[in-house]
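Presented below is the structure to which this report refers.
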Amino acid sequence: MVGWAIALHGGAGDIPIDLPDERRIPRETALRHCLDLGVSALKSGKPPLDVAELVVRELENHPDFNAGKGSVLTTQGTVEMEASIMEGNTKRCGAVSGLTTVVNPISLARLVMEKTPHIYLAFDAAEAFARAHGVETVDPSHFITPENIARLKQAKEFNRVQLDYTAPTPPKELENSGDSQIGTVGCVAVDSAGNLASATSTGGYVNKMVGRIGDTPVIGAGTYANHLCAVSATGKGEEIIRGTVARDVAALMEYKGLSLTEAAAYVVHQSVPRGSCGLVAVSAKGEVTMPFNTTGMFRACATEDGHSEIAIWPNN
Amino acid sequence: MGGWAIAVHGGAGVDPNLPAERQEDAKQLLTRCLNLGIVALRSNVSAIDVVELVIRELETDPLFNSGRGSALTEKGTVEMEASIMDGTKRRCGAVSGITTVKNPISLARLVMDKSPHSYLAFSGAEDFARKQGVEIVDNDYFVTDDNVGMLKLAKEANSILFDYRIPPMGCAGAAATDSPIQMNGLPISIYAPETVGCVVVDGEGRCAAGTSTGGLMNKMMGRIGDSPLIGAGTYASELCGVSCTGEGEAIIRATLARDVSAVMEYKGLNLQEAVDYVIKHRLDEGFAGLIAVSNKGEVVCGFNSNGMFRGCATEDGFMEVAIWE
């Protein structure tokens with residue numbers, strides 16, 4: 001008899017070990033809050049698809065993560081959000097990109113999955129679809145936070161220096177502050193019947209080109225779920241796309257017979273470059289794994305047998 | 001074994017009532033494209049360059065659903081997407097929502113080679129195109145009379161259906177078709193995908209793949225299908241290059257292109273076995289086809305749809321262009 005399990009992340013990246021309390025504590029608190037929400041929902045019998053969506057909505061609403069409110073900015077100082085969701089047993093999925101006014105991109109992704117014959121809608125048309133379905137929209141300024149304005153400024157300065165500078169490393173004071181590399185939020189869940197779901201949402205890459213799409217809305221890259229497992233990835237989008245990260249975890253289980261933990265570890269530590277990726281995954285058997293090859297990953301998980309964890313850096 | 005190999009496709013799922021003349025035109029185009037690729041391969045052009053030049057030819061010709069001759073959106077405009085992948089180092093580039101770039105596959109290549117990203121779309125992609133100086137045309141350039149007619153039929157077919165997913169019980173007002181065959185839940189005479197693609201392995205054993213399309217006839221604006229999604233419509237690794245076509249949603253859910261390589265990598269299957277496996281086991285109720293090459297110079301086509309426009313050739317002189325089983 002297997003139990004439910006849930007895992008969520010708030011981004012993997014070069015999170016400095018000396019992250020100041022005022023940046024660390026709100027995020028840890030948010031992770032705990034979201035974990036509790038997800039656990040209650042699972043305990044009350046909500047389907048994993050609903051659980052994954054509601055947890056990601058909560059993370060999108062929180063301004064300290066790179067999704068929804070608090071999304072990083074494009075090179076033009078705007079916000080372009082994307083998300084995807086997938087249900088394991090049916091492999092139904094939905095994805096959206098280029099959102100600028102939709103308060104909860106993950107819910108729009110779910111609507112695309114449930115209310116259209118398509119999987120993926122983007123930009124103006126996705127926004128129009130949102131309005132046609134009465135989805136909550138706000139002025140784009142709602143999503144922009146002072147921290148992200150500062151991150152964008154810093155990223156532009158860093159790029160300028162990177163272009164000019166000839167020595168191997170740029171001056172320390174202009175190094176990325178570390179958490180400007182944070183990407184993405186996500187949640188995976190499984191119930192005791194083995195129903196699986198995965199949801200991922202992001203503002204993308206700081207200083208990204210307008211119109212740049214990352215791994216998050218690409219099924220098989222940032223999000224994947226089938227009858228064996230559910231996976232949500234975070235990190236450098238371009239590497240996650242090349243590495244078809246989320247699909248590969250499931251493929252290794254399916255084709256090579258690896259366990260969830262082995263498959264996830266293989267993908268994160270062997271298939272993608274160091275410093276590029278982290279993921280959370282659950283299996284139909286109620287197992288959980290949260291590997292990453294970056295300095296840290298904001299993460300939390302819980303299983304029915306009482307295990308629970310909230311962490312940022314490696315455990316050892 | 002070994003040596004170069006190339007395959008091209010013009011879509012999986014063919015109207016069984018397709019006029020003979022059109023079948024002939026299709027075969028001629030596929031032959032011409034194969035020959036273009038063969039000449040290049042014999043002059044040691046690399047796999048990725050061959051993929052691009054062959055797809056450019058397919059995009060430029062109005063016959064199939066890519067570039068000029070693309071299917072029309074519900075508003076009667078054209079919105080194209082494409083992706084390309086270089087097996088060596090698995091570099092990739094993709095574009096969606098392209099409306100004025102003459103050759104979307106070349107823009108996808110530029111995204112791969114000249115931008116820090118893998119995938120650009122809509123106005124951002126168009127801006128990038130202008131900065132790169134690629135050839136720009138009006139959206140009208142891509143619209144053909146054939147497709148204007150098809151869109152009309154598609155809208156008539158749709159107006160009879162209340163639920164897109166329910167198969168029509170003898171679609172009365174639709175195109176004069178006696179065929180019950182459907183793609184994406186609608187008559188194949190209107191909805192044949194005709195996405196194009198090319199896969200190549202060159203003399204050095206390097207694999208590459210590319211796919212380009214106008215997407216689904218009468219599609220919602222902003223709808224993205226499988227063609228620009230790495231792992232779904234296109235994939236290439238050290239072992240193989242794959243391009244898929246058919247029901248986009250089925251291909252995405254199956255991560256079809258990636259899975260060909262994955263079963264080779266993780267189950268040790270050879271190319272033929274891998275293609276057979278994914279077509280048989282990964283499509284569930286969906287219809288699709290694919291072309292694939294391996295680093296050993298093999299080429300395979302597989303499909304569970306009603307026909308697939310395809311052609312392939314290998315260095316040892318084998319060449320075949322076909323539509324049906």
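To be explicit about the labels: the chains of the structure tokens are called A, B, and onward in the order shown, and within each one the residues are counted from 1, while ligands get numbers from 1 in the order they are shown.
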
Up to 9 Å from chain B, what residues of chain A turn up? Count only C-alpha atoms and give them as a PyMOL selection string. chain A and resi 91-93+98+116-126+208-214+218-221+224+237-238+241-244+247-248+251-252+255-256

Would you kindly return, as a PyMOL selection string, each protein, DNA or RNA residue with an atom no farther than 7 Å from any atom of range 299-303 of chain A, considering only C-alpha atoms and excluding same-chain residues fewer than 5 positions away? chain A and resi 4-10+31+35+308-312

Print the selection's residues with C-alpha atoms to a file, as a PDB file, in the first residue's frame.
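Dumped everything to result.pdb:
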ATOM      1  CA  TRP A   4       0.636  10.150  -1.234  1.00  0.00           C
ATOM      2  CA  ALA A   5       3.666  12.334  -1.810  1.00  0.00           C
ATOM      3  CA  ILE A   6       4.313  15.898  -2.824  1.00  0.00           C
ATOM      4  CA  ALA A   7       7.359  17.951  -3.709  1.00  0.00           C
ATOM      5  CA  LEU A   8       7.705  21.549  -4.760  1.00  0.00           C
ATOM      6  CA  HIS A   9      10.491  23.900  -5.740  1.00  0.00           C
ATOM      7  CA  GLY A  10      11.092  27.623  -5.934  1.00  0.00           C
ATOM      8  CA  LEU A  31       7.829  26.914   0.992  1.00  0.00           C
ATOM      9  CA  LEU A  35       3.853  22.455   1.422  1.00  0.00           C
ATOM     10  CA  SER A 308       8.952  16.116   5.377  1.00  0.00           C
ATOM     11  CA  GLU A 309      11.756  18.457   4.388  1.00  0.00           C
ATOM     12  CA  ILE A 310      12.280  22.108   3.562  1.00  0.00           C
ATOM     13  CA  ALA A 311      15.725  23.091   2.330  1.00  0.00           C
ATOM     14  CA  ILE A 312      17.827  25.317   0.127  1.00  0.00           C
TER      15      ILE A 312
END

Nearest-residue call for Ala199 in chain A, choices A:Glu53, A:Glu22, A:Glu304, A:Glu82, using only C-alpha atoms: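 Among the listed residues, A:Glu53 lies closest to Ala199 in chain A.
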
Atom pair CA of Arg56 in chain B / CA of Cys207 in chain B: separation (Å): 18.1 Å

CA of Asp86 in chain B to CA of Gly2 in chain B, straight-line distance in Å: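 Straight-line distance from CA of Gly2 in chain B to CA of Asp86 in chain B works out to 18.5 Å.
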
Which neighbours of Leu30 in chain B fall inside 7 Å, counting only C-alpha atoms, when residues of the same chain fewer than 3 positions from it are skipped, and could you give them as a VMD selection string? chain B and resid 8 26 to 27 33 to 34 310 to 311 321

For the residues in that selection, give me C-alpha atoms as a PDB file, in the first residue's frame.
ATOM      1  CA  VAL B   8      12.508  14.125 -46.213  1.00  0.00           C
ATOM      2  CA  ALA B  26       4.304  15.725 -54.337  1.00  0.00           C
ATOM      3  CA  LYS B  27       6.602  12.914 -55.414  1.00  0.00           C
ATOM      4  CA  CYS B  33      14.562  17.922 -52.455  1.00  0.00           C
ATOM      5  CA  LEU B  34      16.286  14.597 -51.985  1.00  0.00           C
ATOM      6  CA  ARG B 310       8.297  10.744 -47.795  1.00  0.00           C
ATOM      7  CA  GLY B 311      11.556  10.121 -49.545  1.00  0.00           C
ATOM      8  CA  VAL B 321       9.937   8.252 -52.754  1.00  0.00           C
TER       9      VAL B 321
END

Test item: residues at most 9 Å from Leu49 in chain A, only C-alpha atoms, excluding those fewer than 4 positions along its chain, as a list in words: Glu53, Leu54, Ile85, Met86, Glu87, Gly88, Val188, Ala189, Val190, Asn195, Leu196, Ala197, Ser198 and Ala199 of chain A

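Using only C-alpha atoms, the smallest distance between any of B:Leu186, B:Ile98, B:Ile6, B:Val51 and Ile38 in chain B comes from B:Ile6.
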
Neighbouring residues of Thr145 in chain A were defined as those with any atom within 12 Å, considering only C-alpha atoms; residues of the same chain fewer than 5 positions away were excluded. Please report them as a VMD selection string. chain A and resid 62 to 73 77 to 79 140 150 to 152

Any chance you could list, as number ranges by chain, the residues in range 176-246 of chain A that come up alpha helix (DSSP H) when DSSP is run on the backbone? A: 237-242, 245-246

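Pairwise distance (CA of Thr100 in chain A, CA of Ser106 in chain B) equals 28.4 Å.
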
Identify, on the basis of only C-alpha atoms, every residue whose closest approach to Thr73 in chain B does not exceed 9 Å; exclude the query and any residue fewer than 3 positions from it along the same chain; express the result as number ranges by chain. B: 76-79, 151, 214-221

Identify all residues of range 241-289 of chain A in strand (DSSP E) (DSSP on the backbone) and supply them as number ranges by chain. A: 277-283, 288-289
